$ cat coords-v2.pdb   # PDB, C-alpha atoms
ATOM      1  CA  MET A   1    -164.839 -58.245  46.582
ATOM      2  CA  GLU A   2    -163.363 -57.339  43.199
ATOM      3  CA  LYS A   3    -160.727 -60.078  43.627
ATOM      4  CA  LEU A   4    -163.367 -62.579  44.736
ATOM      5  CA  PHE A   5    -165.440 -62.036  41.603
ATOM      6  CA  ALA A   6    -162.575 -61.333  39.198
ATOM      7  CA  ASN A   7    -163.618 -64.503  37.382
ATOM      8  CA  ASP A   8    -167.240 -64.659  36.209
ATOM      9  CA  TRP A   9    -167.578 -68.395  36.824
ATOM     10  CA  PHE A  10    -169.509 -67.868  40.060
ATOM     11  CA  LEU A  11    -171.880 -65.323  38.532
ATOM     12  CA  ASN A  12    -172.447 -67.626  35.560
ATOM     13  CA  LEU A  13    -173.619 -70.312  37.976
ATOM     14  CA  ILE A  14    -176.400 -68.099  39.392
ATOM     15  CA  PRO A  15    -178.876 -68.369  36.448
ATOM     16  CA  ILE A  16    -178.248 -72.111  36.220
ATOM     17  CA  LEU A  17    -178.737 -72.452  39.982
ATOM     18  CA  VAL A  18    -182.007 -70.494  39.847
ATOM     19  CA  ILE A  19    -183.399 -72.783  37.135
ATOM     20  CA  VAL A  20    -182.275 -75.948  38.947
ATOM     21  CA  VAL A  21    -183.835 -74.824  42.241
ATOM     22  CA  LEU A  22    -187.131 -73.957  40.546
ATOM     23  CA  VAL A  23    -187.335 -77.272  38.697
ATOM     24  CA  TRP A  24    -186.423 -79.200  41.862
ATOM     25  CA  SER A  25    -188.969 -77.270  43.937
ATOM     26  CA  ILE A  26    -191.761 -77.881  41.432
ATOM     27  CA  ALA A  27    -190.958 -81.595  41.186
ATOM     28  CA  ARG A  28    -190.839 -81.920  44.976
ATOM     29  CA  ALA A  29    -194.053 -79.922  45.462
ATOM     30  CA  ARG A  30    -196.009 -82.361  43.334
ATOM     31  CA  ARG A  31    -195.231 -85.150  45.813
ATOM     32  CA  GLN A  32    -196.099 -83.170  48.959
ATOM     33  CA  PRO A  33    -199.726 -83.351  50.159
ATOM     34  CA  LEU A  34    -199.482 -79.790  51.475
ATOM     35  CA  TRP A  35    -198.572 -78.440  48.043
ATOM     36  CA  ALA A  36    -200.344 -80.912  45.755
ATOM     37  CA  GLU A  37    -203.654 -79.032  45.789
ATOM     38  CA  ALA A  38    -201.896 -75.711  45.250
ATOM     39  CA  TYR A  39    -200.054 -77.240  42.305
ATOM     40  CA  ARG A  40    -203.343 -78.405  40.741
ATOM     41  CA  ARG A  41    -204.954 -74.999  41.253
ATOM     42  CA  LEU A  42    -201.973 -73.307  39.639
ATOM     43  CA  GLY A  43    -202.114 -75.706  36.693
ATOM     44  CA  ARG A  44    -205.714 -74.667  35.982
ATOM     45  CA  ASN A  45    -204.786 -70.970  35.914
ATOM     46  CA  LYS A  46    -204.116 -69.995  32.287
ATOM     47  CA  VAL A  47    -202.616 -66.660  33.290
ATOM     48  CA  ALA A  48    -200.148 -68.405  35.574
ATOM     49  CA  ILE A  49    -199.187 -70.882  32.849
ATOM     50  CA  GLY A  50    -198.600 -67.993  30.436
ATOM     51  CA  ALA A  51    -196.443 -66.205  33.012
ATOM     52  CA  ILE A  52    -194.411 -69.381  33.594
ATOM     53  CA  VAL A  53    -193.832 -69.745  29.841
ATOM     54  CA  VAL A  54    -192.600 -66.146  29.599
ATOM     55  CA  LEU A  55    -190.302 -66.620  32.599
ATOM     56  CA  ALA A  56    -189.009 -69.860  31.086
ATOM     57  CA  LEU A  57    -188.029 -67.952  27.936
ATOM     58  CA  TYR A  58    -186.162 -65.342  29.987
ATOM     59  CA  GLY A  59    -184.496 -68.095  31.988
ATOM     60  CA  THR A  60    -183.456 -70.003  28.871
ATOM     61  CA  VAL A  61    -181.778 -66.916  27.438
ATOM     62  CA  ALA A  62    -180.063 -66.213  30.789
ATOM     63  CA  VAL A  63    -178.691 -69.752  30.977
ATOM     64  CA  GLY A  64    -177.636 -69.602  27.331
ATOM     65  CA  ASP A  65    -175.707 -66.413  28.063
ATOM     66  CA  SER A  66    -174.002 -68.066  31.047
ATOM     67  CA  ILE A  67    -172.678 -71.111  29.195
ATOM     68  CA  GLY A  68    -169.726 -70.356  26.941
ATOM     69  CA  TRP A  69    -166.323 -71.503  25.802
ATOM     70  CA  ARG A  70    -163.242 -70.387  23.891
ATOM     71  CA  ASP A  71    -162.578 -71.594  20.363
ATOM     72  CA  SER A  72    -158.859 -71.312  20.996
ATOM     73  CA  ALA A  73    -156.476 -70.323  23.767
ATOM     74  CA  ASN A  74    -156.113 -66.802  22.374
ATOM     75  CA  SER A  75    -159.762 -66.174  21.513
ATOM     76  CA  ASP A  76    -162.386 -64.507  23.680
ATOM     77  CA  ARG A  77    -164.976 -66.557  25.507
ATOM     78  CA  LYS A  78    -168.299 -66.631  23.651
ATOM     79  CA  THR A  79    -171.579 -67.773  25.130
ATOM     80  CA  ILE A  80    -174.391 -69.542  23.320
ATOM     81  CA  VAL A  81    -176.257 -66.240  22.992
ATOM     82  CA  ASP A  82    -173.133 -64.613  21.531
ATOM     83  CA  ARG A  83    -172.870 -67.319  18.896
ATOM     84  CA  VAL A  84    -176.556 -67.498  17.963
ATOM     85  CA  PHE A  85    -177.757 -63.898  18.126
ATOM     86  CA  SER A  86    -174.676 -61.787  17.535
ATOM     87  CA  ARG A  87    -174.816 -59.878  14.241
ATOM     88  CA  THR A  88    -172.335 -57.914  12.175
ATOM     89  CA  ARG A  89    -172.038 -54.347  13.365
ATOM     90  CA  GLU A  90    -173.299 -51.490  11.233
ATOM     91  CA  ARG A  91    -171.551 -48.145  10.980
ATOM     92  CA  THR A  92    -174.147 -46.408  13.115
ATOM     93  CA  TYR A  93    -177.899 -46.430  13.672
ATOM     94  CA  SER A  94    -180.179 -48.524  11.514
ATOM     95  CA  ALA A  95    -183.933 -48.725  11.888
ATOM     96  CA  PRO A  96    -185.651 -51.971  12.883
ATOM     97  CA  MET A  97    -185.771 -54.451   9.993
ATOM     98  CA  ALA A  98    -183.644 -52.112   7.858
ATOM     99  CA  ALA A  99    -181.091 -53.816   5.642
ATOM    100  CA  GLU A 100    -178.561 -50.988   5.689
ATOM    101  CA  THR A 101    -177.738 -47.696   7.347
ATOM    102  CA  ASN A 102    -177.828 -44.277   5.772
ATOM    103  CA  GLY A 103    -175.320 -42.360   7.869
ATOM    104  CA  GLU A 104    -177.065 -40.061  10.322
ATOM    105  CA  ALA A 105    -180.325 -40.039   8.366
ATOM    106  CA  ILE A 106    -182.642 -42.646   9.861
ATOM    107  CA  PRO A 107    -185.389 -43.607   7.407
ATOM    108  CA  TYR A 108    -188.752 -44.441   8.915
ATOM    109  CA  LYS A 109    -189.746 -46.374   5.807
ATOM    110  CA  LEU A 110    -188.662 -49.947   6.358
ATOM    111  CA  THR A 111    -186.394 -51.346   3.711
ATOM    112  CA  ALA A 112    -185.951 -54.994   2.874
ATOM    113  CA  PRO A 113    -185.795 -57.176   5.997
ATOM    114  CA  GLY A 114    -182.231 -57.448   7.233
ATOM    115  CA  THR A 115    -180.389 -59.102  10.073
ATOM    116  CA  HIS A 116    -181.131 -56.395  12.666
ATOM    117  CA  LEU A 117    -184.721 -57.086  13.647
ATOM    118  CA  LEU A 118    -184.771 -54.333  16.305
ATOM    119  CA  GLY A 119    -182.262 -52.040  14.637
ATOM    120  CA  THR A 120    -178.854 -50.965  15.901
ATOM    121  CA  ASP A 121    -177.561 -48.373  18.367
ATOM    122  CA  SER A 122    -175.103 -45.496  17.947
ATOM    123  CA  VAL A 123    -172.082 -47.796  17.525
ATOM    124  CA  GLY A 124    -173.914 -50.180  15.216
ATOM    125  CA  GLU A 125    -174.517 -52.891  17.854
ATOM    126  CA  ASP A 126    -177.587 -55.052  17.338
ATOM    127  CA  VAL A 127    -180.337 -53.932  19.753
ATOM    128  CA  LEU A 128    -181.911 -57.399  19.957
ATOM    129  CA  PHE A 129    -178.539 -58.851  20.954
ATOM    130  CA  ARG A 130    -178.064 -56.196  23.673
ATOM    131  CA  THR A 131    -181.598 -56.819  24.959
ATOM    132  CA  LEU A 132    -181.017 -60.545  25.243
ATOM    133  CA  LYS A 133    -177.734 -59.943  27.088
ATOM    134  CA  GLY A 134    -179.733 -58.155  29.775
ATOM    135  CA  CYS A 135    -181.593 -61.363  30.716
ATOM    136  CA  ARG A 136    -178.499 -62.843  32.380
ATOM    137  CA  THR A 137    -177.912 -59.672  34.381
ATOM    138  CA  ALA A 138    -181.529 -59.569  35.572
ATOM    139  CA  CYS A 139    -181.401 -63.229  36.608
ATOM    140  CA  ILE A 140    -178.135 -62.723  38.495
ATOM    141  CA  ILE A 141    -179.466 -59.612  40.228
ATOM    142  CA  GLY A 142    -182.586 -61.435  41.411
ATOM    143  CA  GLY A 143    -180.933 -64.758  42.240
ATOM    144  CA  PHE A 144    -177.732 -63.552  43.919
ATOM    145  CA  THR A 145    -179.519 -60.841  45.894
ATOM    146  CA  THR A 146    -182.073 -63.379  47.125
ATOM    147  CA  ILE A 147    -179.241 -65.679  48.233
ATOM    148  CA  ILE A 148    -177.910 -62.807  50.366
ATOM    149  CA  ALA A 149    -181.157 -61.308  51.670
ATOM    150  CA  LEU A 150    -183.340 -64.397  52.267
ATOM    151  CA  PRO A 151    -181.178 -66.141  54.912
ATOM    152  CA  LEU A 152    -180.644 -62.826  56.695
ATOM    153  CA  ALA A 153    -184.356 -62.031  56.798
ATOM    154  CA  LEU A 154    -185.299 -65.603  57.667
ATOM    155  CA  VAL A 155    -182.905 -66.029  60.599
ATOM    156  CA  LEU A 156    -183.511 -62.606  62.131
ATOM    157  CA  GLY A 157    -187.280 -62.776  61.644
ATOM    158  CA  LEU A 158    -187.581 -66.254  63.178
ATOM    159  CA  ILE A 159    -185.465 -65.591  66.270
ATOM    160  CA  ALA A 160    -187.097 -62.203  66.839
ATOM    161  CA  GLY A 161    -190.601 -63.629  66.632
ATOM    162  CA  TYR A 162    -189.917 -66.789  68.617
ATOM    163  CA  PHE A 163    -187.687 -65.600  71.466
ATOM    164  CA  GLY A 164    -189.078 -62.055  71.816
ATOM    165  CA  LYS A 165    -187.858 -59.742  74.597
ATOM    166  CA  ILE A 166    -184.331 -58.393  74.121
ATOM    167  CA  VAL A 167    -183.746 -60.408  70.932
ATOM    168  CA  ASP A 168    -186.900 -58.991  69.373
ATOM    169  CA  ASP A 169    -186.042 -55.465  70.514
ATOM    170  CA  THR A 170    -182.547 -55.712  69.025
ATOM    171  CA  VAL A 171    -183.768 -56.958  65.641
ATOM    172  CA  GLN A 172    -186.499 -54.318  65.543
ATOM    173  CA  TYR A 173    -183.948 -51.624  66.345
ATOM    174  CA  VAL A 174    -181.682 -52.789  63.506
ATOM    175  CA  TYR A 175    -184.337 -52.807  60.802
ATOM    176  CA  THR A 176    -185.920 -49.588  62.089
ATOM    177  CA  VAL A 177    -182.572 -47.859  61.633
ATOM    178  CA  MET A 178    -182.268 -49.410  58.159
ATOM    179  CA  GLN A 179    -185.724 -48.180  57.188
ATOM    180  CA  SER A 180    -185.027 -44.655  58.441
ATOM    181  CA  VAL A 181    -182.584 -44.138  55.564
ATOM    182  CA  PRO A 182    -184.086 -43.841  52.054
ATOM    183  CA  ASP A 183    -183.330 -47.012  50.101
ATOM    184  CA  VAL A 184    -181.919 -45.230  47.055
ATOM    185  CA  LEU A 185    -179.510 -43.133  49.103
ATOM    186  CA  LEU A 186    -178.332 -46.169  51.077
ATOM    187  CA  LEU A 187    -177.847 -48.176  47.894
ATOM    188  CA  ILE A 188    -175.864 -45.411  46.242
ATOM    189  CA  ALA A 189    -173.688 -44.996  49.348
ATOM    190  CA  ILE A 190    -172.903 -48.729  49.530
ATOM    191  CA  ILE A 191    -172.126 -48.950  45.806
ATOM    192  CA  LEU A 192    -169.864 -45.894  45.965
ATOM    193  CA  VAL A 193    -167.921 -47.549  48.794
ATOM    194  CA  LEU A 194    -167.696 -50.981  47.126
ATOM    195  CA  GLY A 195    -167.345 -49.727  43.560
ATOM    196  CA  ARG A 196    -169.533 -50.298  40.511
ATOM    197  CA  GLY A 197    -170.083 -53.832  39.341
ATOM    198  CA  LEU A 198    -172.606 -56.657  39.215
ATOM    199  CA  PRO A 199    -171.578 -58.466  42.445
ATOM    200  CA  GLN A 200    -171.280 -55.143  44.289
ATOM    201  CA  MET A 201    -174.830 -54.211  43.260
ATOM    202  CA  CYS A 202    -176.140 -57.617  44.376
ATOM    203  CA  PHE A 203    -174.453 -57.178  47.755
ATOM    204  CA  ALA A 204    -175.868 -53.662  48.157
ATOM    205  CA  LEU A 205    -179.382 -54.788  47.225
ATOM    206  CA  GLY A 206    -179.102 -57.787  49.558
ATOM    207  CA  ILE A 207    -178.119 -55.588  52.496
ATOM    208  CA  THR A 208    -181.055 -53.238  51.922
ATOM    209  CA  SER A 209    -183.843 -55.575  50.740
ATOM    210  CA  TRP A 210    -184.131 -57.970  53.702
ATOM    211  CA  VAL A 211    -185.996 -55.601  56.020
ATOM    212  CA  THR A 212    -189.532 -55.938  54.636
ATOM    213  CA  LEU A 213    -189.351 -59.724  54.490
ATOM    214  CA  CYS A 214    -187.859 -59.856  57.989
ATOM    215  CA  ARG A 215    -190.777 -57.874  59.418
ATOM    216  CA  LEU A 216    -193.240 -60.188  57.658
ATOM    217  CA  ILE A 217    -191.536 -63.333  58.985
ATOM    218  CA  ARG A 218    -191.357 -61.893  62.487
ATOM    219  CA  GLY A 219    -195.081 -61.139  62.504
ATOM    220  CA  GLU A 220    -196.011 -64.615  61.242
ATOM    221  CA  THR A 221    -193.694 -66.258  63.776
ATOM    222  CA  LEU A 222    -195.343 -64.309  66.584
ATOM    223  CA  LYS A 223    -198.706 -65.759  65.525
ATOM    224  CA  HIS A 224    -197.479 -69.331  65.243
ATOM    225  CA  ARG A 225    -195.450 -69.513  68.463
ATOM    226  CA  ASP A 226    -198.591 -69.286  70.633
ATOM    227  CA  ARG A 227    -200.588 -71.925  68.773
ATOM    228  CA  ASP A 228    -201.432 -75.313  70.213
ATOM    229  CA  TYR A 229    -199.051 -77.404  68.137
ATOM    230  CA  VAL A 230    -196.076 -75.267  69.247
ATOM    231  CA  ARG A 231    -197.146 -75.471  72.892
ATOM    232  CA  ALA A 232    -197.508 -79.233  72.557
ATOM    233  CA  ALA A 233    -194.002 -79.481  71.110
ATOM    234  CA  LYS A 234    -192.645 -77.450  74.031
ATOM    235  CA  ALA A 235    -194.464 -79.679  76.508
ATOM    236  CA  LEU A 236    -192.855 -82.741  74.916
ATOM    237  CA  GLY A 237    -189.424 -81.206  75.445
ATOM    238  CA  ALA A 238    -188.628 -80.170  71.863
ATOM    239  CA  SER A 239    -185.732 -77.724  71.568
ATOM    240  CA  PRO A 240    -186.281 -74.214  70.171
ATOM    241  CA  TYR A 241    -184.244 -75.156  67.104
ATOM    242  CA  ARG A 242    -186.492 -78.141  66.370
ATOM    243  CA  ILE A 243    -189.676 -76.154  66.968
ATOM    244  CA  ILE A 244    -188.534 -73.389  64.625
ATOM    245  CA  THR A 245    -187.274 -75.645  61.827
ATOM    246  CA  LYS A 246    -189.840 -78.465  62.022
ATOM    247  CA  HIS A 247    -193.020 -76.690  63.070
ATOM    248  CA  ILE A 248    -192.920 -72.944  62.409
ATOM    249  CA  LEU A 249    -190.765 -72.703  59.273
ATOM    250  CA  PRO A 250    -192.867 -75.107  57.137
ATOM    251  CA  ASN A 251    -195.912 -72.944  57.836
ATOM    252  CA  LEU A 252    -194.032 -69.887  56.590
ATOM    253  CA  LEU A 253    -193.024 -71.401  53.245
ATOM    254  CA  PRO A 254    -196.106 -70.179  51.331
ATOM    255  CA  ILE A 255    -195.401 -66.605  52.423
ATOM    256  CA  LEU A 256    -191.734 -66.975  51.538
ATOM    257  CA  VAL A 257    -192.498 -68.314  48.065
ATOM    258  CA  ILE A 258    -194.884 -65.467  47.275
ATOM    259  CA  SER A 259    -192.635 -62.773  48.768
ATOM    260  CA  VAL A 260    -189.528 -63.960  46.915
ATOM    261  CA  THR A 261    -191.433 -64.140  43.623
ATOM    262  CA  LEU A 262    -192.805 -60.617  43.962
ATOM    263  CA  GLY A 263    -189.511 -59.308  45.362
ATOM    264  CA  PHE A 264    -187.618 -60.598  42.325
ATOM    265  CA  SER A 265    -189.410 -58.091  40.100
ATOM    266  CA  GLY A 266    -188.543 -55.248  42.478
ATOM    267  CA  LEU A 267    -184.856 -56.176  42.273
ATOM    268  CA  VAL A 268    -184.960 -56.104  38.467
ATOM    269  CA  LEU A 269    -186.499 -52.628  38.553
ATOM    270  CA  ALA A 270    -183.920 -51.468  41.123
ATOM    271  CA  GLU A 271    -181.074 -52.494  38.801
ATOM    272  CA  ALA A 272    -182.620 -50.566  35.927
ATOM    273  CA  VAL A 273    -183.065 -47.441  38.081
ATOM    274  CA  LEU A 274    -179.533 -47.547  39.529
ATOM    275  CA  SER A 275    -177.956 -48.138  36.122
ATOM    276  CA  TYR A 276    -180.005 -45.246  34.753
ATOM    277  CA  LEU A 277    -178.584 -43.060  37.543
ATOM    278  CA  GLY A 278    -175.054 -44.119  36.604
ATOM    279  CA  VAL A 279    -174.264 -46.108  39.771
ATOM    280  CA  GLY A 280    -175.350 -49.546  38.630
ATOM    281  CA  VAL A 281    -173.436 -52.257  36.830
ATOM    282  CA  GLY A 282    -170.417 -51.381  34.713
ATOM    283  CA  PRO A 283    -170.796 -50.132  31.148
ATOM    284  CA  ASP A 284    -169.333 -53.386  29.818
ATOM    285  CA  VAL A 285    -172.178 -55.461  31.326
ATOM    286  CA  GLY A 286    -175.290 -56.175  29.302
ATOM    287  CA  SER A 287    -178.039 -54.390  31.188
ATOM    288  CA  TRP A 288    -181.443 -52.954  30.406
ATOM    289  CA  GLY A 289    -180.679 -50.056  32.733
ATOM    290  CA  ASN A 290    -177.539 -49.242  30.735
ATOM    291  CA  MET A 291    -179.564 -49.361  27.528
ATOM    292  CA  ILE A 292    -182.164 -46.962  28.912
ATOM    293  CA  ASP A 293    -179.445 -44.669  30.258
ATOM    294  CA  GLY A 294    -177.653 -44.607  26.910
ATOM    295  CA  ALA A 295    -180.901 -43.926  25.037
ATOM    296  CA  ARG A 296    -181.673 -40.655  26.835
ATOM    297  CA  ASP A 297    -179.890 -38.505  24.295
ATOM    298  CA  GLU A 298    -181.363 -40.471  21.413
ATOM    299  CA  LEU A 299    -184.844 -39.238  22.283
ATOM    300  CA  SER A 300    -183.780 -35.633  21.583
ATOM    301  CA  ARG A 301    -182.489 -36.432  18.105
ATOM    302  CA  ASN A 302    -184.370 -35.615  14.945
ATOM    303  CA  PRO A 303    -185.689 -38.058  13.883
ATOM    304  CA  VAL A 304    -186.108 -39.766  17.241
ATOM    305  CA  ILE A 305    -184.163 -42.980  17.830
ATOM    306  CA  TRP A 306    -186.887 -44.841  19.686
ATOM    307  CA  TRP A 307    -186.040 -48.527  19.276
ATOM    308  CA  THR A 308    -183.255 -48.868  21.878
ATOM    309  CA  ILE A 309    -185.253 -47.533  24.827
ATOM    310  CA  THR A 310    -188.414 -49.276  23.591
ATOM    311  CA  SER A 311    -186.706 -52.658  23.412
ATOM    312  CA  ALA A 312    -185.137 -52.363  26.883
ATOM    313  CA  SER A 313    -188.346 -51.027  28.439
ATOM    314  CA  LEU A 314    -190.466 -53.820  26.954
ATOM    315  CA  ALA A 315    -187.962 -56.412  28.198
ATOM    316  CA  VAL A 316    -188.202 -55.024  31.746
ATOM    317  CA  PHE A 317    -191.988 -54.726  31.476
ATOM    318  CA  GLY A 318    -192.399 -58.310  30.266
ATOM    319  CA  LEU A 319    -190.287 -59.808  33.047
ATOM    320  CA  VAL A 320    -191.810 -57.723  35.832
ATOM    321  CA  LEU A 321    -195.370 -58.320  34.609
ATOM    322  CA  ALA A 322    -194.839 -62.086  34.381
ATOM    323  CA  LEU A 323    -193.371 -62.189  37.893
ATOM    324  CA  ASN A 324    -196.237 -60.164  39.354
ATOM    325  CA  LEU A 325    -198.880 -62.288  37.625
ATOM    326  CA  LEU A 326    -197.193 -65.455  38.832
ATOM    327  CA  GLY A 327    -196.939 -64.041  42.353
ATOM    328  CA  ASP A 328    -200.673 -63.277  42.412
ATOM    329  CA  ALA A 329    -201.464 -66.735  41.053
ATOM    330  CA  LEU A 330    -199.263 -68.384  43.681
ATOM    331  CA  ARG A 331    -201.018 -66.424  46.407
ATOM    332  CA  ASP A 332    -204.423 -67.573  45.168
ATOM    333  CA  ALA A 333    -203.245 -71.183  44.822
ATOM    334  CA  ILE A 334    -201.458 -71.452  48.162
ATOM    335  CA  ASP A 335    -203.806 -69.487  50.432
ATOM    336  CA  PRO A 336    -205.911 -72.105  52.293
ATOM    337  CA  ARG A 337    -208.834 -69.681  52.551
ATOM    338  CA  LEU A 338    -209.178 -69.741  48.747
ATOM    339  CA  ARG A 339    -208.992 -73.507  48.233
ATOM    340  CA  SER A 340    -212.715 -74.002  48.609
ATOM    341  CA  SER A 341    -213.516 -71.361  46.011
TER     342      SER A 341
END
$ encode --input "coords-v2.pdb" --output "structure tokens"
Amino acid sequence: MEKLFANDWFLNLIPILVIVVLVWSIARARRQPLWAEAYRRLGRNKVAIGAIVVLALYGTVAVGDSIGWRDSANSDRKTIVDRVFSRTRERTYSAPMAAETNGEAIPYKLTAPGTHLLGTDSVGEDVLFRTLKGCRTACIIGGFTTIIALPLALVLGLIAGYFGKIVDDTVQYVYTVMQSVPDVLLLIAIILVLGRGLPQMCFALGITSWVTLCRLIRGETLKHRDRDYVRAAKALGASPYRIITKHILPNLLPILVISVTLGFSGLVLAEAVLSYLGVGVGPDVGSWGNMIDGARDELSRNPVIWWTITSASLAVFGLVLALNLLGDALRDAIDPRLRSS
């Protein structure tokens, strides 16, 4: 796996792919009668619009940090975020909006506004720049993990719910065994075997995060397979593949959309927790979890260095909150029982 992802070109495509898929899905939904009403309901929800704007800002930064080039053959690759937001390093800590450092003494009185809006860390790196670099990592974690987990959950859940019997028993046995092991322990074990790194973490999260969605899809498929339209399709001689893809799967799309949206925030939090425990992405990767992990000792200093952990925590909070608000709004807009309200 290390050789496969030795070049970051594939990982850099993930944020761009996520944005393209979202834009394409929204444009297509507007032309579908099934989704047109849900789209109008969502457009009237001010909270949902605000959440979409926040997510668009995160996505823009992630894409900007994925697009880069070299100025010369011997120079390092710099992304758009590197070129726009990178600042000159200080010697050590500087307070937010401070124009200069004062050795180990961190003044709480703000001096003249400088280039470091959120201050600097122990090595003089701009905290705002490090926070923005975490957007790409969060987008890759959510997007790449979804690419791994969604097909696995979808295929297993559909065949278990539709065919039943020994197929259903086998799938249930597999995810029951998976659920019997605590998620954190299983994640740590997989990462220790594969090694630390961004693609390794995505693979580990994908292997462990499909179970809940699979159970949900299985339960919904069980309900739909006994309904009249499925029985009519069987009577007309439709194959199981056609029934699943043309009749059952379209009815599961609302649940999939909501589950993936809400699950994205859980993946972002999982990355932060694993990086805090020291088994997440590498130290050379921009990550909010790495920032929080590195800020532990800063909280015991006198005076307290609070801006690094505050910046990373607010970045995680903003993304997770926007995703959860959007997920709730999507549920209200898509659920047919709420359309008359």
$ resolve_selection --input "coords-v2.pdb" --expression "the PyMOL selection byres ((chain A and resi 222) around 12)" --output "list in words"
Gly157, Leu158, Ile159, Ala160, Gly161, Tyr162, Phe163, Gly164, Lys165, Asp168, Arg215, Leu216, Ile217, Arg218, Gly219, Glu220, Thr221, Lys223, His224, Arg225, Asp226, Arg227, Val230, Ile244, Ile248 and Leu252 of chain A
$ residues_around --input "coords-v2.pdb" --residues "Leu192 in chain A" --least-positions-apart "3" --cutoff "12 Å" --atoms "all atoms listed in the file" --output "list in words"
Leu185, Leu186, Leu187, Ile188, Ala189, Gly195, Arg196, Gly197, Gln200, Met201, Ala204, Leu274, Gly278, Val279, Gly280 and Val281 of chain A
$ residues_around --input "coords-v2.pdb" --residues "Asp284 in chain A" --least-positions-apart "2" --cutoff "12 Å" --atoms "only C-alpha atoms" --output "ChimeraX atom specification"
/A:130,133-134,137,196-198,275,280-282,286-287,290-291
$ atom_distance --input "coords-v2.pdb" --atom1 "CA of Ile334 in chain A" --atom2 "CA of Lys234 in chain A"
28.0 Å
$ closest_residue --input "coords-v2.pdb" --among "A:Ile26, A:Ala56, A:Leu117, A:Ile141" --to "Tyr39 in chain A" --atoms "all atoms listed in the file"
A:Ile26
$ resolve_selection --input "coords-v2.pdb" --expression "the PyMOL selection byres ((chain A and resi 143) around 8)" --output "number ranges by chain"
A: 14-15, 18, 139-142, 144-147, 264
$ residues_around --input "coords-v2.pdb" --residues "range 309-318 of chain A" --least-positions-apart "2" --cutoff "10 Å" --atoms "only C-alpha atoms" --output "ChimeraX atom specification"
/A:51,54-55,58,118-119,127-128,130-132,134-135,138,265,268-269,272,287-296,298-299,305-307,320-323
$ closest_residue --input "coords-v2.pdb" --among "A:Ser75, A:Asn45, A:Ser122, A:Gln172" --to "Arg301 in chain A" --atoms "all atoms listed in the file"
A:Ser122
$ resolve_selection --input "coords-v2.pdb" --expression "the PyMOL selection byres ((chain A and resi 124) around 7)" --output "list in words"
Arg89, Glu90, Arg91, Thr92, Tyr93, Thr120, Asp121, Ser122, Val123, Glu125 and Asp126 of chain A
$ residues_around --input "coords-v2.pdb" --residues "Tyr175 in chain A" --least-positions-apart "4" --cutoff "7 Å" --atoms "only C-alpha atoms" --output "MDAnalysis selection string"
chainID A and resid 171 179 211
$ residues_around --input "coords-v2.pdb" --residues "Ile16 in chain A" --least-positions-apart "6" --cutoff "10 Å" --atoms "all atoms listed in the file" --output "MDAnalysis selection string"
chainID A and resid 59:60 62:64 66:67 139:140 143
$ write_last_selection --input "coords-v2.pdb" --atoms "C-alpha atoms" --output "mmCIF file, in the coordinates of the input"
data_model
loop_
_atom_site.group_PDB
_atom_site.id
_atom_site.type_symbol
_atom_site.label_atom_id
_atom_site.label_comp_id
_atom_site.auth_asym_id
_atom_site.auth_seq_id
_atom_site.Cartn_x
_atom_site.Cartn_y
_atom_site.Cartn_z
ATOM 1 C CA GLY A 59 -184.496 -68.095 31.988
ATOM 2 C CA THR A 60 -183.456 -70.003 28.871
ATOM 3 C CA ALA A 62 -180.063 -66.213 30.789
ATOM 4 C CA VAL A 63 -178.691 -69.752 30.977
ATOM 5 C CA GLY A 64 -177.636 -69.602 27.331
ATOM 6 C CA SER A 66 -174.002 -68.066 31.047
ATOM 7 C CA ILE A 67 -172.678 -71.111 29.195
ATOM 8 C CA CYS A 139 -181.401 -63.229 36.608
ATOM 9 C CA ILE A 140 -178.135 -62.723 38.495
ATOM 10 C CA GLY A 143 -180.933 -64.758 42.240
#
$ closest_residue --input "coords-v2.pdb" --among "A:Ala73, A:Ile49, A:Val304, A:Ala153" --to "Ser259 in chain A" --atoms "all atoms listed in the file"
A:Ala153
$ atom_distance --input "coords-v2.pdb" --atom1 "CA of Asp76 in chain A" --atom2 "CA of Phe10 in chain A"
18.2 Å
$ closest_residue --input "coords-v2.pdb" --among "A:Leu154, A:Val184, A:Leu326, A:Thr176" --to "Leu256 in chain A" --atoms "all atoms listed in the file"
A:Leu154
$ closest_residue --input "coords-v2.pdb" --among "A:Val155, A:Ala149, A:Ile255, A:Val193" --to "Ala333 in chain A" --atoms "only C-alpha atoms"
A:Ile255
$ closest_residue --input "coords-v2.pdb" --among "A:Ile190, A:Pro96, A:Leu150, A:Asp65" --to "Arg77 in chain A" --atoms "all atoms listed in the file"
A:Asp65
$ atom_distance --input "coords-v2.pdb" --atom1 "CA of Val260 in chain A" --atom2 "CA of Ser209 in chain A"
10.8 Å
